[in-house]
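Structure file work-v6.cif with mmCIF, C-alpha atoms:
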```cif
data_structure
loop_
_atom_site.label_atom_id
_atom_site.label_comp_id
_atom_site.auth_asym_id
_atom_site.auth_seq_id
_atom_site.Cartn_x
_atom_site.Cartn_y
_atom_site.Cartn_z
CA MET T 1 -9.97 26.48 -6.92
CA LEU T 2 -8.95 24.24 -4.01
CA ALA T 3 -7.84 20.64 -4.28
CA ARG T 4 -9.58 18.60 -1.58
CA ILE T 5 -8.82 15.24 -0.04
CA GLN T 6 -11.73 12.89 -0.63
CA SER T 7 -10.20 9.82 1.03
CA ILE T 8 -6.98 8.27 2.31
CA ALA T 9 -6.27 4.53 2.35
CA THR T 10 -3.20 2.58 3.44
CA ALA T 11 -1.97 -0.93 2.69
CA LEU T 12 0.65 -3.22 4.23
CA PRO T 13 2.32 -6.50 3.19
CA SER T 14 1.08 -9.60 4.99
CA HIS T 15 4.41 -10.47 6.61
CA ARG T 16 4.82 -8.81 9.99
CA ILE T 17 7.92 -8.88 12.17
CA SER T 18 8.59 -7.50 15.66
CA GLN T 19 11.67 -5.50 16.55
CA PRO T 20 13.17 -8.29 18.73
CA GLU T 21 12.63 -10.68 15.80
CA VAL T 22 14.44 -8.27 13.48
CA ARG T 23 17.35 -8.03 15.92
CA ASP T 24 17.63 -11.81 16.20
CA PHE T 25 17.31 -12.22 12.45
CA VAL T 26 20.11 -9.74 11.73
CA ALA T 27 22.28 -11.46 14.35
CA GLN T 28 21.76 -14.80 12.59
CA ALA T 29 22.53 -13.23 9.22
CA THR T 30 25.99 -12.08 10.33
CA GLU T 31 29.02 -14.27 10.83
CA LYS T 32 29.85 -13.17 14.39
CA GLY T 33 26.42 -12.03 15.53
CA LEU T 34 25.74 -8.65 17.12
CA SER T 35 27.72 -7.10 19.93
CA PRO T 36 25.68 -6.08 22.99
CA ARG T 37 26.21 -2.43 22.06
CA ILE T 38 24.86 -2.92 18.53
CA ALA T 39 22.03 -5.19 19.69
CA ALA T 40 20.88 -2.49 22.12
CA ILE T 41 20.20 -0.11 19.20
CA TYR T 42 17.14 -2.18 18.28
CA ASP T 43 15.56 -1.35 21.64
CA SER T 44 15.98 2.42 21.30
CA THR T 45 14.64 3.36 17.85
CA GLY T 46 10.95 3.66 18.74
CA VAL T 47 9.87 0.84 16.40
CA ASP T 48 7.88 -2.05 17.89
CA SER T 49 6.97 -3.94 14.72
CA ARG T 50 6.62 -3.51 10.97
CA ALA T 51 5.46 -5.17 7.77
CA ILE T 52 7.86 -6.51 5.13
CA ALA T 53 7.29 -7.65 1.57
CA GLN T 54 8.68 -11.19 1.94
CA PRO T 55 9.16 -13.79 4.69
CA PRO T 56 12.38 -13.23 6.65
CA GLN T 57 14.06 -16.20 4.95
CA PHE T 58 14.02 -14.32 1.65
CA TYR T 59 16.50 -11.80 3.05
CA LEU T 60 19.00 -14.42 4.23
CA GLY T 61 20.52 -14.86 0.77
CA ARG T 62 22.33 -12.48 -1.52
CA ALA T 63 19.39 -11.83 -3.82
CA ASP T 64 20.50 -9.89 -6.89
CA PHE T 65 18.78 -6.81 -8.20
CA PRO T 66 16.56 -8.61 -10.76
CA GLN T 67 15.20 -10.85 -7.97
CA ARG T 68 14.58 -7.91 -5.65
CA ASN T 69 12.98 -5.85 -8.39
CA ALA T 70 10.69 -8.74 -9.36
CA VAL T 71 9.36 -8.69 -5.78
CA TYR T 72 8.96 -4.91 -6.01
CA LEU T 73 6.88 -5.23 -9.18
CA ALA T 74 4.62 -8.05 -8.02
CA GLU T 75 4.11 -7.08 -4.36
CA GLY T 76 4.05 -3.40 -5.23
CA GLN T 77 1.20 -3.78 -7.67
CA ARG T 78 -0.74 -5.91 -5.18
CA LEU T 79 -0.38 -3.28 -2.46
CA LEU T 80 -1.25 -0.37 -4.74
CA GLU T 81 -4.32 -2.15 -6.07
CA ALA T 82 -5.49 -2.80 -2.50
CA ALA T 83 -4.90 0.81 -1.42
CA ALA T 84 -6.47 2.26 -4.56
CA THR T 85 -9.56 0.04 -4.29
CA GLU T 86 -10.15 1.08 -0.67
CA ALA T 87 -9.58 4.80 -1.34
CA LEU T 88 -11.95 4.82 -4.32
CA ALA T 89 -14.65 2.99 -2.38
CA GLU T 90 -14.34 5.45 0.50
CA ALA T 91 -14.61 8.37 -1.95
CA GLY T 92 -17.64 6.80 -3.66
CA LEU T 93 -15.90 6.67 -7.04
CA GLU T 94 -15.38 4.06 -9.71
CA PRO T 95 -11.91 3.62 -11.26
CA ALA T 96 -13.25 4.92 -14.58
CA GLU T 97 -13.99 8.26 -12.91
CA ILE T 98 -10.30 8.91 -12.18
CA ASP T 99 -8.64 11.23 -14.71
CA ALA T 100 -5.02 11.13 -13.49
CA ILE T 101 -2.84 8.84 -11.39
CA VAL T 102 0.30 10.15 -9.68
CA CYS T 103 2.60 7.44 -8.31
CA VAL T 104 5.50 8.18 -5.93
CA SER T 105 8.04 5.40 -5.43
CA SER T 106 11.83 5.19 -5.03
CA THR T 107 12.57 1.61 -3.95
CA GLY T 108 12.35 -0.20 -7.29
CA ILE T 109 12.34 0.29 -11.05
CA ALA T 110 9.12 -0.08 -13.05
CA THR T 111 9.09 0.77 -16.75
CA PRO T 112 6.29 0.72 -17.79
CA SER T 113 5.07 2.11 -14.47
CA ILE T 114 3.04 0.03 -12.02
CA PRO T 115 -0.04 2.30 -12.36
CA SER T 116 -0.04 1.74 -16.11
CA GLN T 117 -0.21 -2.01 -15.41
CA MET T 118 -3.18 -1.43 -13.07
CA LEU T 119 -5.41 0.32 -15.61
CA ALA T 120 -7.07 -2.72 -17.17
CA PRO T 121 -7.23 -4.99 -14.06
CA LEU T 122 -8.96 -2.33 -11.94
CA GLY T 123 -11.02 -0.69 -14.67
CA PHE T 124 -9.28 2.67 -15.01
CA ARG T 125 -9.71 4.44 -18.34
CA ALA T 126 -7.07 3.93 -21.01
CA ASP T 127 -6.77 7.71 -21.38
CA ALA T 128 -6.02 8.35 -17.69
CA LEU T 129 -2.93 10.52 -17.25
CA ILE T 130 -0.12 8.56 -15.55
CA VAL T 131 2.56 10.55 -13.67
CA PRO T 132 5.33 8.38 -12.13
CA LEU T 133 7.62 10.23 -9.68
CA PHE T 134 10.96 8.67 -8.67
CA GLY T 135 13.64 9.93 -6.29
CA TYR T 136 11.60 11.79 -3.67
CA GLY T 137 12.23 9.11 -1.04
CA CYS T 138 10.80 9.95 2.38
CA ALA T 139 9.73 13.41 1.19
CA GLY T 140 7.47 11.86 -1.44
CA GLY T 141 4.31 11.73 0.64
CA VAL T 142 4.25 15.51 0.96
CA LEU T 143 5.66 16.39 -2.48
CA GLY T 144 3.34 13.89 -4.15
CA LEU T 145 0.36 15.66 -2.58
CA GLN T 146 1.67 18.93 -3.99
CA VAL T 147 1.93 17.50 -7.52
CA ALA T 148 -1.50 15.84 -7.32
CA GLY T 149 -3.05 19.04 -5.96
CA ASP T 150 -1.47 21.07 -8.76
CA LEU T 151 -3.10 18.75 -11.32
CA VAL T 152 -6.50 19.43 -9.76
CA ARG T 153 -5.94 23.17 -9.65
CA ALA T 154 -4.77 23.19 -13.27
CA ASP T 155 -8.05 21.51 -14.29
CA PRO T 156 -10.72 21.57 -11.54
CA SER T 157 -12.74 18.93 -13.37
CA ARG T 158 -9.96 16.37 -12.76
CA ARG T 159 -10.20 13.61 -10.20
CA VAL T 160 -6.71 12.55 -9.21
CA LEU T 161 -5.51 9.41 -7.47
CA LEU T 162 -2.20 9.77 -5.64
CA LEU T 163 -0.36 6.51 -4.93
CA THR T 164 2.78 5.98 -2.86
CA LEU T 165 4.70 2.71 -2.63
CA GLU T 166 7.95 1.80 -0.90
CA LEU T 167 9.42 -1.63 -0.22
CA CYS T 168 12.42 -0.53 1.81
CA SER T 169 13.18 -4.06 3.02
CA LEU T 170 14.45 -4.93 -0.47
CA ALA T 171 17.54 -2.79 0.25
CA PHE T 172 18.58 -5.03 3.18
CA ARG T 173 22.20 -6.16 2.73
CA PHE T 174 22.92 -9.69 3.96
CA GLY T 175 25.72 -9.67 6.52
CA ASP T 176 26.30 -5.90 6.37
CA LEU T 177 27.29 -4.61 9.81
CA THR T 178 28.10 -1.03 8.86
CA LYS T 179 26.49 1.54 11.14
CA LYS T 180 24.12 2.82 8.45
CA ALA T 181 23.04 -0.75 7.59
CA ILE T 182 22.26 -1.49 11.23
CA ILE T 183 20.28 1.75 11.57
CA ALA T 184 18.39 0.91 8.37
CA SER T 185 17.48 -2.54 9.67
CA THR T 186 16.13 -1.02 12.89
CA LEU T 187 13.89 1.51 11.11
CA PHE T 188 12.80 0.84 7.56
CA ALA T 189 9.70 -1.04 6.51
CA ASP T 190 7.24 -1.54 3.63
CA GLY T 191 3.85 -0.02 2.84
CA ALA T 192 1.66 1.88 0.42
CA SER T 193 -1.02 4.56 0.41
CA ALA T 194 -3.69 6.02 -1.86
CA VAL T 195 -5.26 9.48 -1.70
CA VAL T 196 -8.15 10.67 -3.86
CA LEU T 197 -8.22 14.39 -4.62
CA SER T 198 -10.66 16.60 -6.50
CA ALA T 199 -12.20 20.06 -6.32
CA GLU T 200 -15.50 18.64 -5.12
CA GLY T 201 -17.16 18.64 -1.72
CA ASP T 202 -15.91 20.05 1.56
CA GLY T 203 -13.07 17.68 2.47
CA PRO T 204 -9.71 18.89 3.79
CA ALA T 205 -8.27 21.39 1.29
CA LEU T 206 -4.64 21.58 0.24
CA GLY T 207 -3.08 24.98 0.85
CA ARG T 208 0.40 26.16 -0.02
CA PHE T 209 3.28 23.68 -0.30
CA ALA T 210 7.01 24.35 -0.41
CA GLN T 211 10.28 22.52 -1.00
CA HIS T 212 13.75 23.49 0.18
CA THR T 213 16.90 21.75 -1.10
CA TRP T 214 20.23 22.40 0.62
CA PRO T 215 23.35 22.63 -1.57
CA ASP T 216 26.13 20.05 -1.27
CA SER T 217 23.94 17.79 0.86
CA ARG T 218 23.73 14.62 -1.23
CA ALA T 219 25.57 12.65 1.47
CA MET T 220 22.66 13.12 3.88
CA MET T 221 20.33 10.59 2.23
CA GLY T 222 19.88 8.70 -1.03
CA TRP T 223 20.79 5.56 -2.96
CA ASP T 224 24.06 4.09 -4.18
CA VAL T 225 23.59 1.57 -7.00
CA ASP T 226 25.65 -1.62 -7.30
CA GLU T 227 25.24 -5.24 -8.37
CA ILE T 228 22.86 -5.95 -5.48
CA GLY T 229 20.70 -2.96 -6.35
CA LEU T 230 19.94 0.05 -4.18
CA GLY T 231 22.26 0.71 -1.24
CA LEU T 232 21.31 3.26 1.39
CA ILE T 233 23.07 6.58 1.91
CA LEU T 234 22.19 7.85 5.39
CA SER T 235 23.97 10.44 7.50
CA ARG T 236 24.28 10.08 11.27
CA ASP T 237 23.95 13.88 11.51
CA LEU T 238 20.32 13.93 10.37
CA PRO T 239 18.75 14.73 13.80
CA SER T 240 21.08 17.67 14.39
CA PHE T 241 20.47 18.85 10.82
CA VAL T 242 16.73 18.90 11.52
CA HIS T 243 17.22 21.23 14.46
CA SER T 244 19.84 23.52 12.94
CA HIS T 245 18.68 23.67 9.29
CA PHE T 246 15.14 22.36 8.81
CA ALA T 247 13.50 24.09 11.76
CA PRO T 248 14.33 27.61 10.48
CA VAL T 249 12.99 26.68 7.03
CA VAL T 250 9.70 25.51 8.57
CA ASP T 251 9.48 28.70 10.63
CA GLY T 252 10.04 30.78 7.50
CA PHE T 253 7.38 28.85 5.59
CA LEU T 254 4.82 29.33 8.36
CA GLY T 255 5.70 33.01 8.60
CA ARG T 256 5.13 33.52 4.89
CA GLU T 257 1.75 31.81 5.26
CA GLY T 258 0.83 34.09 8.15
CA LEU T 259 0.54 31.17 10.58
CA ASP T 260 1.50 31.24 14.24
CA LYS T 261 3.30 27.98 15.02
CA ALA T 262 2.27 28.18 18.68
CA ALA T 263 -1.39 28.18 17.62
CA LEU T 264 -1.13 25.05 15.47
CA THR T 265 -2.29 21.62 16.59
CA GLU T 266 -0.10 18.54 16.16
CA PRO T 267 1.42 18.48 12.64
CA ALA T 268 1.60 15.42 10.40
CA CYS T 269 5.35 14.80 10.29
CA HIS T 270 7.13 11.99 8.51
CA PRO T 271 8.62 9.79 11.29
CA GLY T 272 12.21 9.46 10.11
CA GLY T 273 13.23 7.80 13.37
CA ARG T 274 13.09 8.40 17.13
CA LYS T 275 15.97 10.90 17.18
CA VAL T 276 14.50 12.76 14.20
CA ILE T 277 11.14 12.97 16.00
CA ASP T 278 12.95 14.22 19.13
CA ALA T 279 14.49 16.99 17.02
CA LEU T 280 11.16 17.84 15.41
CA GLU T 281 9.46 18.04 18.80
CA ARG T 282 11.95 20.74 19.80
CA CYS T 283 10.44 22.75 16.90
CA PHE T 284 6.94 22.31 18.36
CA ALA T 285 7.61 22.71 22.07
CA HIS T 286 4.11 24.13 22.64
CA LEU T 287 2.45 20.75 22.04
CA PRO T 288 1.62 19.09 25.39
CA SER T 289 1.78 15.57 23.94
CA GLY T 290 4.48 16.23 21.38
CA LEU T 291 4.23 14.41 18.06
CA ALA T 292 2.11 11.59 19.47
CA GLU T 293 0.64 10.34 16.20
CA THR T 294 4.00 10.48 14.44
CA ARG T 295 5.54 8.39 17.24
CA ALA T 296 2.62 5.95 17.17
CA VAL T 297 2.98 5.33 13.44
CA LEU T 298 6.72 4.78 13.83
CA ALA T 299 6.08 2.27 16.63
CA ASP T 300 3.39 0.38 14.73
CA HIS T 301 4.86 0.45 11.21
CA GLY T 302 8.45 1.69 11.18
CA ASN T 303 9.68 4.15 8.56
CA MET T 304 8.01 3.18 5.26
CA SER T 305 9.48 6.17 3.43
CA SER T 306 6.99 8.12 1.29
CA PRO T 307 3.69 6.48 2.44
CA THR T 308 4.42 6.99 6.14
CA VAL T 309 3.27 10.59 6.42
CA HIS T 310 -0.09 9.57 4.93
CA PHE T 311 -0.50 7.05 7.76
CA VAL T 312 0.08 9.95 10.17
CA LEU T 313 -2.18 12.32 8.23
CA LYS T 314 -5.03 9.80 8.21
CA ARG T 315 -4.84 9.39 11.99
CA ILE T 316 -4.78 13.14 12.64
CA LEU T 317 -7.67 13.89 10.26
CA ALA T 318 -9.72 11.18 11.99
CA ARG T 319 -9.70 13.34 15.14
CA GLY T 320 -12.08 15.74 13.41
CA GLN T 321 -10.31 18.91 14.52
CA SER T 322 -10.53 22.14 12.52
CA GLY T 323 -7.90 24.66 11.50
CA PRO T 324 -4.69 24.57 9.45
CA LEU T 325 -2.61 21.39 9.64
CA LEU T 326 1.11 21.40 8.85
CA MET T 327 2.75 18.48 7.05
CA THR T 328 6.52 17.96 6.91
CA ALA T 329 8.96 15.42 5.51
CA LEU T 330 12.64 15.16 4.63
CA GLY T 331 14.15 13.26 1.73
CA PRO T 332 17.04 12.92 -0.71
CA GLY T 333 18.43 16.09 -2.13
CA PHE T 334 18.77 16.83 0.78
CA THR T 335 15.25 18.22 0.65
CA GLY T 336 12.69 19.48 3.11
CA ALA T 337 9.01 19.35 2.13
CA MET T 338 6.21 21.29 3.83
CA GLY T 339 2.52 21.78 3.17
CA ILE T 340 -0.66 23.11 4.74
CA VAL T 341 -3.95 21.21 4.85
CA HIS T 342 -7.02 23.26 5.79
CA ARG T 343 -9.63 21.30 7.76
#
```

Exercise: express the given structure as structure tokens:
Amino acid sequence: MLARIQSIATALPSHRISQPEVRDFVAQATEKGLSPRIAAIYDSTGVDSRAIAQPPQFYLGRADFPQRNAVYLAEGQRLLEAAATEALAEAGLEPAEIDAIVCVSSTGIATPSIPSQMLAPLGFRADALIVPLFGYGCAGGVLGLQVAGDLVRADPSRRVLLLTLELCSLAFRFGDLTKKAIIASTLFADGASAVVLSAEGDGPALGRFAQHTWPDSRAMMGWDVDEIGLGLILSRDLPSFVHSHFAPVVDGFLGREGLDKAALTEPACHPGGRKVIDALERCFAHLPSGLAETRAVLADHGNMSSPTVHFVLKRILARGQSGPLLMTALGPGFTGAMGIVHR
């Protein structure tokens, strides 16, 4: 029995900031400003603008972890409620018709989980299964689909709501001019998504998914935890790693699925950054326009971690093309995630 996508909805915070505004803001937040060399990085990352959870002034102080997490809880629930409401309406379902809610998020701590706090306000059933998933990071959009699809396949009568939420801006470090902090400030953003899945209808069907975790690769991506909260771990070698390590894994996955990469249309790839997209495009050299939708989402929204690939997937599915569609993402572990959607 196939798990099918009934709808995809996305949600963004109300505060929007352009890349030049981010550059100027970071310059003001540092004692000596930005050198011309560092300032130029903001013009080369492929991000034009993005949404953030709070007004820029919020990030000027040294907010402690309780303050940051309070924003995560309040703004996170608002975004997830908006995304869930839109996805359910598009699928023609009432909240009470959802049997399970999977929530992927790695940028805050919520115990009890945010979905459990949404049950009564939105009208979900008290006996809905809640599955919170933490730690997937940027790979969560793909791996969350796998988990949600498995729940449908395990019980084809289930209707499952997949939620993703990341408020990456809450990891901004006031005055931090380390290379990884600068790169983070040029790329990361906030957003949420909701996907309704069931075994009903003729919507896009989830095929096989796979995950590959490389040994001794923790230093590639993840969180360090200190008194401020979550501090980014991010390797500068990520683009070269994509070409040398991830590309062969994707080729092997497609081979096992009996798919010819050269016959595939544009995949839905998580836009980790311009250099990561450049490396991914080398894996799909047959595409005349490259990863156009992936680049467009990065330009319009930045890297929102787990929800971002759903923004890309929604745009590609809206084209109405048929045939197998590859999804990819990379996240902490270091982990590669892949999946096939049949249109």

Interface rows for segment 95-205 of chain T against segment 31-54 of chain T: nearest pair, Å to one decimal, 9 Å, all atoms listed in the file, as JSON lines:
```
{"residue": "T:Leu167", "atom": "CA", "partner": "T:Ala53", "partner_atom": "CA", "distance": 6.6}
{"residue": "T:Cys168", "atom": "CA", "partner": "T:Ile52", "partner_atom": "CA", "distance": 8.2}
{"residue": "T:Ser169", "atom": "CA", "partner": "T:Ile52", "partner_atom": "CA", "distance": 6.2}
{"residue": "T:Leu170", "atom": "CA", "partner": "T:Ala53", "partner_atom": "CA", "distance": 7.9}
{"residue": "T:Gly175", "atom": "CA", "partner": "T:Glu31", "partner_atom": "CA", "distance": 7.1}
{"residue": "T:Leu177", "atom": "CA", "partner": "T:Leu34", "partner_atom": "CA", "distance": 8.5}
{"residue": "T:Lys179", "atom": "CA", "partner": "T:Ile38", "partner_atom": "CA", "distance": 8.8}
{"residue": "T:Ile182", "atom": "CA", "partner": "T:Ile38", "partner_atom": "CA", "distance": 7.9}
{"residue": "T:Ile183", "atom": "CA", "partner": "T:Ile41", "partner_atom": "CA", "distance": 7.9}
{"residue": "T:Ser185", "atom": "CA", "partner": "T:Tyr42", "partner_atom": "CA", "distance": 8.6}
{"residue": "T:Thr186", "atom": "CA", "partner": "T:Tyr42", "partner_atom": "CA", "distance": 5.6}
{"residue": "T:Leu187", "atom": "CA", "partner": "T:Val47", "partner_atom": "CA", "distance": 6.7}
{"residue": "T:Phe188", "atom": "CA", "partner": "T:Arg50", "partner_atom": "CA", "distance": 8.3}
{"residue": "T:Ala189", "atom": "CA", "partner": "T:Ile52", "partner_atom": "CA", "distance": 5.9}
{"residue": "T:Asp190", "atom": "CA", "partner": "T:Ile52", "partner_atom": "CA", "distance": 5.2}
{"residue": "T:Gly191", "atom": "CA", "partner": "T:Ala51", "partner_atom": "CA", "distance": 7.3}
```

Next on the checklist: Excluding Cys103 of chain T and its own-chain neighbours fewer than 4 positions away, which residues fall within 12 Å of it when counting only C-alpha atoms? Please give them as a VMD selection string.
Outcome noted: chain T and resid 76 to 77 80 84 110 113 to 116 118 129 to 136 140 to 141 143 to 145 147 to 148 160 to 166 192 to 195 306 to 307

Checklist entry - Taking the file as shown, what set of residues would the PyMOL selection byres ((chain T and resi 270-278) around 10) give back, as a ChimeraX atom specification? => result /T:44-47,138-142,183-184,186-188,237-243,267-269,279-283,290-299,302-313,327-331,337

Can you tell me which residues surround Lys314 of chain T at a distance of at most 9 Å, considering only C-alpha atoms, apart from same-chain residues fewer than 6 positions away, and format the answer as a tab-separated table (two decimals) with C-alpha atoms, keeping the file's coordinate frame?
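Everything below was put into result-v6.tsv:
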```
chain	number	residue	atom	x	y	z
T	7	SER	CA	-10.20	9.82	1.03
T	8	ILE	CA	-6.98	8.27	2.31
T	9	ALA	CA	-6.27	4.53	2.35
T	10	THR	CA	-3.20	2.58	3.44
T	268	ALA	CA	1.60	15.42	10.40
```

Checklist entry - Of the residues T:Ala11, T:Asp24, T:Phe334, T:Ala263, which is the one nearest to His245 of chain T, using all atoms listed in the file? => result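 Among the listed residues, T:Phe334 lies closest to His245 of chain T.
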
Checklist entry - Can you tell me, as a VMD selection string, what residues are no more than 12 Å from segment 228-233 of chain T when counting all atoms listed in the file, ignoring any on the same chain fewer than 3 positions away? => result chain T and resid 61 to 70 72 106 to 109 135 137 167 to 174 176 178 to 185 188 217 to 225 236 238 331 to 334

Checklist entry - From the set T:Gly339, T:Gly323, T:Phe284, T:Val249, which residue has the shortest atom-to-atom contact distance to Ala262 of chain T, counting all atoms listed in the file? => result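 Using all atoms listed in the file, the shortest distance to Ala262 of chain T belongs to T:Phe284.
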